[in-house]
file work_9.cif (mmCIF, N, CA and C atoms)
data_coords
#
loop_
_atom_site.label_atom_id
_atom_site.label_comp_id
_atom_site.auth_asym_id
_atom_site.auth_seq_id
_atom_site.Cartn_x
_atom_site.Cartn_y
_atom_site.Cartn_z
N MET A 1 0.83 -1.20 0.00
CA MET A 1 0.00 0.00 0.00
C MET A 1 0.87 1.26 0.00
N ARG A 2 1.91 1.28 0.85
CA ARG A 2 2.80 2.45 0.89
C ARG A 2 3.46 2.69 -0.46
N ARG A 3 3.89 1.60 -1.08
CA ARG A 3 4.55 1.73 -2.37
C ARG A 3 3.60 2.32 -3.41
N CYS A 4 2.35 1.89 -3.36
CA CYS A 4 1.34 2.40 -4.29
C CYS A 4 1.14 3.90 -4.07
N LEU A 5 1.05 4.34 -2.82
CA LEU A 5 0.87 5.76 -2.53
C LEU A 5 2.08 6.55 -2.99
N GLY A 6 3.28 5.97 -2.80
CA GLY A 6 4.49 6.64 -3.25
C GLY A 6 4.49 6.83 -4.75
N LEU A 7 4.07 5.82 -5.49
CA LEU A 7 4.01 5.93 -6.94
C LEU A 7 2.98 6.97 -7.39
N VAL A 8 1.86 7.03 -6.69
CA VAL A 8 0.84 8.03 -7.02
C VAL A 8 1.40 9.43 -6.79
N ALA A 9 2.14 9.64 -5.70
CA ALA A 9 2.72 10.95 -5.40
C ALA A 9 3.73 11.35 -6.47
N VAL A 10 4.59 10.41 -6.88
CA VAL A 10 5.58 10.70 -7.92
C VAL A 10 4.88 11.02 -9.23
N ALA A 11 3.84 10.29 -9.57
CA ALA A 11 3.10 10.55 -10.80
C ALA A 11 2.47 11.93 -10.78
N ALA A 12 1.92 12.33 -9.64
CA ALA A 12 1.31 13.66 -9.53
C ALA A 12 2.34 14.76 -9.73
N ILE A 13 3.52 14.57 -9.19
CA ILE A 13 4.59 15.55 -9.34
C ILE A 13 5.00 15.66 -10.80
N LEU A 14 5.18 14.53 -11.46
CA LEU A 14 5.59 14.53 -12.86
C LEU A 14 4.55 15.16 -13.76
N VAL A 15 3.28 14.95 -13.48
CA VAL A 15 2.23 15.57 -14.28
C VAL A 15 2.30 17.08 -14.14
N GLY A 16 2.51 17.59 -12.92
CA GLY A 16 2.62 19.02 -12.69
C GLY A 16 3.81 19.61 -13.41
N CYS A 17 4.92 18.88 -13.49
CA CYS A 17 6.12 19.39 -14.15
C CYS A 17 5.95 19.48 -15.66
N GLY A 18 5.00 18.72 -16.21
CA GLY A 18 4.83 18.68 -17.64
C GLY A 18 3.88 19.74 -18.18
N GLU A 19 3.45 20.67 -17.33
CA GLU A 19 2.50 21.69 -17.76
C GLU A 19 3.11 22.51 -18.90
N SER A 20 2.33 22.71 -19.97
CA SER A 20 2.86 23.45 -21.11
C SER A 20 3.06 24.92 -20.74
N LYS A 21 4.01 25.54 -21.42
CA LYS A 21 4.37 26.92 -21.11
C LYS A 21 4.10 27.82 -22.31
N VAL A 22 3.84 29.07 -22.00
CA VAL A 22 3.58 30.08 -23.01
C VAL A 22 4.79 31.01 -23.07
N PRO A 23 5.39 31.20 -24.24
CA PRO A 23 6.49 32.17 -24.33
C PRO A 23 5.96 33.57 -24.03
N VAL A 24 6.65 34.28 -23.14
CA VAL A 24 6.26 35.63 -22.78
C VAL A 24 7.47 36.54 -22.97
N SER A 25 7.28 37.59 -23.75
CA SER A 25 8.34 38.57 -23.96
C SER A 25 7.72 39.95 -23.86
N GLY A 26 8.58 40.94 -23.79
CA GLY A 26 8.05 42.29 -23.72
C GLY A 26 9.12 43.32 -23.49
N ALA A 27 8.64 44.48 -23.05
CA ALA A 27 9.52 45.61 -22.78
C ALA A 27 9.05 46.30 -21.52
N ILE A 28 9.97 46.95 -20.84
CA ILE A 28 9.65 47.69 -19.63
C ILE A 28 10.17 49.11 -19.78
N THR A 29 9.34 50.07 -19.38
CA THR A 29 9.72 51.47 -19.47
C THR A 29 9.51 52.16 -18.13
N LEU A 30 10.21 53.25 -17.94
CA LEU A 30 10.02 54.12 -16.78
C LEU A 30 9.63 55.48 -17.33
N SER A 31 8.40 55.87 -17.09
CA SER A 31 7.86 57.13 -17.63
C SER A 31 8.06 57.22 -19.14
N GLY A 32 7.85 56.10 -19.83
CA GLY A 32 7.92 56.07 -21.28
C GLY A 32 9.30 55.81 -21.88
N GLU A 33 10.34 55.81 -21.06
CA GLU A 33 11.71 55.56 -21.55
C GLU A 33 12.13 54.13 -21.19
N PRO A 34 12.88 53.44 -22.07
CA PRO A 34 13.30 52.06 -21.77
C PRO A 34 14.02 51.97 -20.43
N LEU A 35 13.67 50.96 -19.65
CA LEU A 35 14.30 50.72 -18.36
C LEU A 35 15.04 49.40 -18.44
N GLY A 36 16.35 49.45 -18.34
CA GLY A 36 17.16 48.24 -18.43
C GLY A 36 17.81 47.88 -17.11
N ASP A 37 18.47 46.74 -17.13
CA ASP A 37 19.23 46.25 -15.99
C ASP A 37 18.39 46.11 -14.73
N VAL A 38 17.20 45.52 -14.90
CA VAL A 38 16.33 45.18 -13.79
C VAL A 38 15.87 43.74 -13.98
N ARG A 39 15.27 43.18 -12.95
CA ARG A 39 14.70 41.83 -13.01
C ARG A 39 13.19 41.96 -12.85
N VAL A 40 12.44 41.30 -13.71
CA VAL A 40 10.98 41.27 -13.64
C VAL A 40 10.59 39.90 -13.10
N ILE A 41 9.75 39.90 -12.06
CA ILE A 41 9.33 38.67 -11.40
C ILE A 41 7.84 38.45 -11.64
N PHE A 42 7.48 37.26 -12.12
CA PHE A 42 6.08 36.90 -12.38
C PHE A 42 5.66 35.90 -11.32
N GLN A 43 4.68 36.28 -10.49
CA GLN A 43 4.21 35.43 -9.40
C GLN A 43 2.77 35.02 -9.68
N GLY A 44 2.57 33.73 -9.93
CA GLY A 44 1.24 33.22 -10.23
C GLY A 44 0.67 32.42 -9.08
N SER A 45 -0.50 31.87 -9.29
CA SER A 45 -1.13 31.04 -8.27
C SER A 45 -0.53 29.63 -8.30
N GLU A 46 -0.76 28.90 -7.23
CA GLU A 46 -0.33 27.50 -7.13
C GLU A 46 1.16 27.32 -7.38
N GLY A 47 1.98 28.28 -6.93
CA GLY A 47 3.42 28.15 -7.05
C GLY A 47 3.99 28.44 -8.41
N LYS A 48 3.18 28.93 -9.33
CA LYS A 48 3.70 29.29 -10.66
C LYS A 48 4.60 30.51 -10.51
N PHE A 49 5.73 30.48 -11.20
CA PHE A 49 6.72 31.54 -11.04
C PHE A 49 7.55 31.66 -12.30
N GLY A 50 7.95 32.86 -12.60
CA GLY A 50 8.86 33.11 -13.72
C GLY A 50 9.61 34.40 -13.47
N PHE A 51 10.68 34.60 -14.21
CA PHE A 51 11.44 35.84 -14.08
C PHE A 51 12.11 36.16 -15.40
N ALA A 52 12.56 37.40 -15.51
CA ALA A 52 13.29 37.83 -16.70
C ALA A 52 14.30 38.87 -16.28
N ASN A 53 15.52 38.72 -16.76
CA ASN A 53 16.53 39.76 -16.61
C ASN A 53 16.40 40.66 -17.83
N VAL A 54 16.17 41.93 -17.58
CA VAL A 54 15.90 42.89 -18.64
C VAL A 54 17.22 43.47 -19.15
N ASP A 55 17.37 43.49 -20.47
CA ASP A 55 18.60 44.03 -21.04
C ASP A 55 18.58 45.56 -21.04
N SER A 56 19.66 46.17 -21.49
CA SER A 56 19.79 47.63 -21.42
C SER A 56 18.78 48.36 -22.30
N SER A 57 18.17 47.67 -23.28
CA SER A 57 17.16 48.32 -24.13
C SER A 57 15.76 48.20 -23.55
N GLY A 58 15.62 47.51 -22.40
CA GLY A 58 14.32 47.34 -21.76
C GLY A 58 13.57 46.10 -22.21
N SER A 59 14.19 45.25 -23.04
CA SER A 59 13.53 44.05 -23.55
C SER A 59 13.77 42.85 -22.64
N PHE A 60 12.80 41.92 -22.64
CA PHE A 60 12.96 40.71 -21.82
C PHE A 60 12.21 39.53 -22.41
N GLN A 61 12.64 38.32 -21.99
CA GLN A 61 11.96 37.05 -22.27
C GLN A 61 11.88 36.30 -20.95
N VAL A 62 10.70 35.81 -20.62
CA VAL A 62 10.46 35.18 -19.33
C VAL A 62 10.95 33.74 -19.30
N THR A 63 11.55 33.40 -18.17
CA THR A 63 12.12 32.08 -17.91
C THR A 63 11.47 31.47 -16.68
N SER A 64 11.20 30.17 -16.71
CA SER A 64 10.76 29.49 -15.49
C SER A 64 11.73 28.38 -15.11
N GLU A 65 12.23 27.65 -16.08
CA GLU A 65 13.19 26.58 -15.80
C GLU A 65 14.47 26.74 -16.61
N LYS A 66 14.34 27.04 -17.88
CA LYS A 66 15.51 27.25 -18.72
C LYS A 66 15.30 28.53 -19.52
N PRO A 67 16.36 29.18 -19.96
CA PRO A 67 16.25 30.50 -20.58
C PRO A 67 15.19 30.61 -21.67
N GLY A 68 14.28 31.58 -21.46
CA GLY A 68 13.27 31.89 -22.46
C GLY A 68 12.17 30.87 -22.65
N ASP A 69 12.03 29.90 -21.73
CA ASP A 69 11.04 28.84 -21.92
C ASP A 69 9.60 29.27 -21.65
N GLY A 70 9.39 30.42 -21.03
CA GLY A 70 8.04 30.90 -20.77
C GLY A 70 7.50 30.41 -19.44
N ILE A 71 6.20 30.62 -19.24
CA ILE A 71 5.52 30.25 -18.00
C ILE A 71 4.15 29.65 -18.35
N PRO A 72 3.59 28.86 -17.44
CA PRO A 72 2.26 28.30 -17.70
C PRO A 72 1.20 29.40 -17.83
N ALA A 73 0.16 29.14 -18.60
CA ALA A 73 -0.94 30.10 -18.74
C ALA A 73 -1.55 30.37 -17.38
N GLY A 74 -2.06 31.58 -17.21
CA GLY A 74 -2.71 31.96 -15.96
C GLY A 74 -2.50 33.42 -15.65
N SER A 75 -2.97 33.81 -14.48
CA SER A 75 -2.87 35.19 -14.03
C SER A 75 -1.62 35.37 -13.17
N TYR A 76 -0.89 36.44 -13.41
CA TYR A 76 0.37 36.70 -12.70
C TYR A 76 0.41 38.13 -12.19
N GLN A 77 0.90 38.30 -10.97
CA GLN A 77 1.25 39.61 -10.45
C GLN A 77 2.74 39.78 -10.74
N ILE A 78 3.16 41.03 -10.94
CA ILE A 78 4.52 41.29 -11.41
C ILE A 78 5.24 42.23 -10.46
N GLY A 79 6.50 41.92 -10.17
CA GLY A 79 7.38 42.78 -9.41
C GLY A 79 8.61 43.12 -10.24
N VAL A 80 9.26 44.23 -9.90
CA VAL A 80 10.45 44.67 -10.63
C VAL A 80 11.50 45.09 -9.60
N THR A 81 12.72 44.57 -9.75
CA THR A 81 13.79 44.92 -8.82
C THR A 81 15.07 45.27 -9.58
N PRO A 82 15.91 46.13 -8.99
CA PRO A 82 17.21 46.40 -9.61
C PRO A 82 18.07 45.14 -9.57
N ILE A 83 19.00 45.02 -10.50
CA ILE A 83 19.94 43.89 -10.53
C ILE A 83 21.29 44.36 -10.00
N SER A 84 21.87 43.54 -9.14
CA SER A 84 23.22 43.84 -8.63
C SER A 84 24.24 43.57 -9.72
N PRO A 85 25.14 44.51 -9.96
CA PRO A 85 26.19 44.25 -10.96
C PRO A 85 27.19 43.23 -10.42
N THR A 86 27.71 42.41 -11.31
CA THR A 86 28.76 41.45 -10.95
C THR A 86 29.87 41.55 -11.99
N SER A 87 31.03 41.06 -11.61
CA SER A 87 32.11 41.03 -12.59
C SER A 87 31.81 39.93 -13.61
N GLU A 88 32.53 39.93 -14.72
CA GLU A 88 32.29 38.95 -15.79
C GLU A 88 32.43 37.51 -15.30
N GLN A 89 33.45 37.24 -14.49
CA GLN A 89 33.68 35.90 -13.95
C GLN A 89 33.91 36.01 -12.45
N PRO A 90 32.82 36.09 -11.67
CA PRO A 90 32.98 36.26 -10.23
C PRO A 90 33.70 35.08 -9.59
N SER A 91 34.64 35.40 -8.71
CA SER A 91 35.39 34.33 -8.04
C SER A 91 35.24 34.40 -6.53
N GLY A 92 34.64 35.45 -6.03
CA GLY A 92 34.46 35.58 -4.60
C GLY A 92 33.46 36.66 -4.27
N GLN A 93 33.17 36.80 -2.99
CA GLN A 93 32.17 37.75 -2.55
C GLN A 93 32.49 39.18 -2.96
N GLU A 94 33.76 39.52 -3.04
CA GLU A 94 34.14 40.89 -3.41
C GLU A 94 33.76 41.24 -4.85
N ASP A 95 33.45 40.23 -5.66
CA ASP A 95 33.06 40.48 -7.05
C ASP A 95 31.58 40.84 -7.18
N TYR A 96 30.86 40.81 -6.07
CA TYR A 96 29.43 41.15 -6.07
C TYR A 96 29.25 42.45 -5.31
N SER A 97 28.31 43.25 -5.75
CA SER A 97 28.05 44.50 -5.04
C SER A 97 26.55 44.65 -4.82
N ALA A 98 26.20 45.58 -3.97
CA ALA A 98 24.78 45.85 -3.70
C ALA A 98 24.14 46.44 -4.95
N PRO A 99 22.85 46.20 -5.11
CA PRO A 99 22.19 46.80 -6.28
C PRO A 99 22.23 48.32 -6.19
N PRO A 100 22.26 48.97 -7.34
CA PRO A 100 22.23 50.43 -7.32
C PRO A 100 20.88 50.91 -6.80
N PRO A 101 20.80 52.14 -6.34
CA PRO A 101 19.49 52.65 -5.91
C PRO A 101 18.49 52.58 -7.07
N ALA A 102 17.29 52.21 -6.76
CA ALA A 102 16.26 52.10 -7.80
C ALA A 102 15.87 53.47 -8.32
N LYS A 103 15.61 53.53 -9.61
CA LYS A 103 15.15 54.77 -10.25
C LYS A 103 13.63 54.90 -10.15
N PHE A 104 13.00 53.90 -9.53
CA PHE A 104 11.55 53.86 -9.46
C PHE A 104 11.12 53.52 -8.03
N SER A 105 9.84 53.68 -7.76
CA SER A 105 9.28 53.47 -6.42
C SER A 105 9.49 52.03 -5.94
N GLU A 106 9.77 51.86 -4.66
CA GLU A 106 9.95 50.54 -4.07
C GLU A 106 8.66 49.71 -4.07
N LYS A 107 7.52 50.34 -4.32
CA LYS A 107 6.27 49.58 -4.39
C LYS A 107 6.35 48.51 -5.48
N TYR A 108 7.19 48.74 -6.51
CA TYR A 108 7.32 47.78 -7.61
C TYR A 108 8.13 46.56 -7.23
N PHE A 109 8.89 46.61 -6.15
CA PHE A 109 9.73 45.49 -5.74
C PHE A 109 8.89 44.25 -5.42
N ASN A 110 7.70 44.44 -4.90
CA ASN A 110 6.85 43.34 -4.44
C ASN A 110 5.68 43.14 -5.41
N PRO A 111 5.52 41.93 -5.96
CA PRO A 111 4.39 41.70 -6.87
C PRO A 111 3.03 42.00 -6.23
N ASP A 112 2.93 41.88 -4.90
CA ASP A 112 1.66 42.13 -4.22
C ASP A 112 1.32 43.62 -4.13
N THR A 113 2.32 44.51 -4.24
CA THR A 113 2.07 45.95 -4.09
C THR A 113 2.32 46.75 -5.36
N SER A 114 2.85 46.11 -6.40
CA SER A 114 3.26 46.85 -7.60
C SER A 114 2.10 47.39 -8.42
N GLY A 115 0.97 46.71 -8.38
CA GLY A 115 -0.15 47.10 -9.24
C GLY A 115 0.00 46.61 -10.67
N LEU A 116 1.06 45.83 -10.93
CA LEU A 116 1.29 45.28 -12.27
C LEU A 116 0.81 43.84 -12.32
N SER A 117 0.11 43.48 -13.39
CA SER A 117 -0.35 42.11 -13.56
C SER A 117 -0.53 41.81 -15.04
N VAL A 118 -0.61 40.53 -15.35
CA VAL A 118 -0.81 40.10 -16.73
C VAL A 118 -1.54 38.76 -16.73
N GLN A 119 -2.38 38.57 -17.73
CA GLN A 119 -3.04 37.29 -17.97
C GLN A 119 -2.27 36.62 -19.11
N VAL A 120 -1.58 35.53 -18.81
CA VAL A 120 -0.78 34.82 -19.80
C VAL A 120 -1.67 33.80 -20.51
N GLU A 121 -1.72 33.91 -21.85
CA GLU A 121 -2.54 33.02 -22.66
C GLU A 121 -1.78 32.60 -23.91
N PRO A 122 -2.01 31.38 -24.40
CA PRO A 122 -1.35 30.96 -25.64
C PRO A 122 -1.63 31.96 -26.77
N GLY A 123 -0.61 32.24 -27.57
CA GLY A 123 -0.76 33.12 -28.72
C GLY A 123 -0.69 34.61 -28.40
N MET A 124 -0.46 34.95 -27.14
CA MET A 124 -0.40 36.38 -26.80
C MET A 124 0.84 37.04 -27.38
N GLY A 125 0.75 38.34 -27.61
CA GLY A 125 1.88 39.10 -28.12
C GLY A 125 2.73 39.64 -26.98
N PRO A 126 3.76 40.40 -27.32
CA PRO A 126 4.63 40.99 -26.30
C PRO A 126 3.84 41.93 -25.38
N ILE A 127 4.27 42.02 -24.13
CA ILE A 127 3.63 42.91 -23.18
C ILE A 127 4.52 44.12 -22.92
N THR A 128 3.91 45.21 -22.50
CA THR A 128 4.66 46.41 -22.13
C THR A 128 4.30 46.76 -20.70
N LEU A 129 5.33 46.94 -19.88
CA LEU A 129 5.15 47.36 -18.50
C LEU A 129 5.69 48.77 -18.38
N ASP A 130 4.85 49.72 -17.96
CA ASP A 130 5.30 51.11 -17.82
C ASP A 130 5.26 51.50 -16.36
N LEU A 131 6.43 51.74 -15.78
CA LEU A 131 6.53 52.16 -14.40
C LEU A 131 6.58 53.68 -14.32
N THR A 132 6.16 54.21 -13.19
CA THR A 132 6.29 55.64 -12.94
C THR A 132 7.19 55.81 -11.74
N GLN A 133 7.74 57.01 -11.59
CA GLN A 133 8.64 57.26 -10.47
C GLN A 133 7.82 57.45 -9.24
#

call {"tool": "encode", "arguments": {"input": "work_9.cif", "output": "structure tokens"}}
result
Amino acid sequence: MRRCLGLVAVAAILVGCGESKVPVSGAITLSGEPLGDVRVIFQGSEGKFGFANVDSSGSFQVTSEKPGDGIPAGSYQIGVTPISPTSEQPSGQEDYSAPPPAKFSEKYFNPDTSGLSVQVEPGMGPITLDLTQ
């Protein structure tokens, strides 16, 4: 009986891992100007999660497990945080520094307080996130 329950638990986990993902890309701006070098966090229900490191032009592609793989369909709240600069090949703690001061309100740091959200659906186009100071 225990073995049977164990197999059922493993099967349930594997089914959850196989959920199809939707590619999500977009751009982020601050008062209409591209905002780069930040991280965008997508927080969904039931443990769904994704993130994107935004390049200097403000463009991003969302990752959940491997680069650019997307996230499962559903509703997501979004947070935005500054990225700490690192050296090209960090070898120790001294190669990491604190993130620079944010150019935008700290309310965006937390997906629960940012006021940013998106409904992820198959076939959707790029999204635009516009932050204000």

call {"tool": "resolve_selection", "arguments": {"input": "work_9.cif", "expression": "the PyMOL selection byres (((chain A and resi 68-75 and name CA) around 7) and name CA)", "output": "list in words"}}
result
Glu19, Ser20, Lys21, Val22, Pro23, Val24, Gly44, Gly50, Gln61, Val62, Thr63, Ser64, Glu65, Lys66, Pro67, Tyr76, Val118, Gln119, Val120, Glu121 and Pro122 of chain A

call {"tool": "closest_residue", "arguments": {"input": "work_9.cif", "among": "A:Gly79, A:Gly26, A:Gly32, A:Pro111", "to": "Gly125 of chain A", "atoms": "only N, CA and C atoms"}}
result
A:Gly26

call {"tool": "closest_residue", "arguments": {"input": "work_9.cif", "among": "A:Met124, A:Leu116, A:Leu35, A:Leu129", "to": "Ser56 of chain A", "atoms": "only N, CA and C atoms"}}
result
A:Leu35

call {"tool": "atom_distance", "arguments": {"input": "work_9.cif", "atom1": "atom CA of Leu30 of chain A", "atom2": "atom CA of Lys48 of chain A"}}
result
26.3 Å

call {"tool": "closest_residue", "arguments": {"input": "work_9.cif", "among": "A:Ser117, A:Ser105, A:Ser57, A:Gln133", "to": "Ile28 of chain A", "atoms": "only N, CA and C atoms"}}
result
A:Ser57

call {"tool": "select_by_dssp", "arguments": {"input": "work_9.cif", "residues": "segment 26-130 of chain A", "states": "helix (DSSP H, G or I)", "output": "number ranges by chain"}}
result
A: 93-95, 106-109

call {"tool": "atom_distance", "arguments": {"input": "work_9.cif", "atom1": "atom N of Asp130 of chain A", "atom2": "atom C of Ala27 of chain A"}}
result
6.5 Å

call {"tool": "resolve_selection", "arguments": {"input": "work_9.cif", "expression": "the PyMOL selection byres (((chain A and resi 52 and name CA) around 7) and name CA)", "output": "count of residues only"}}
result
10
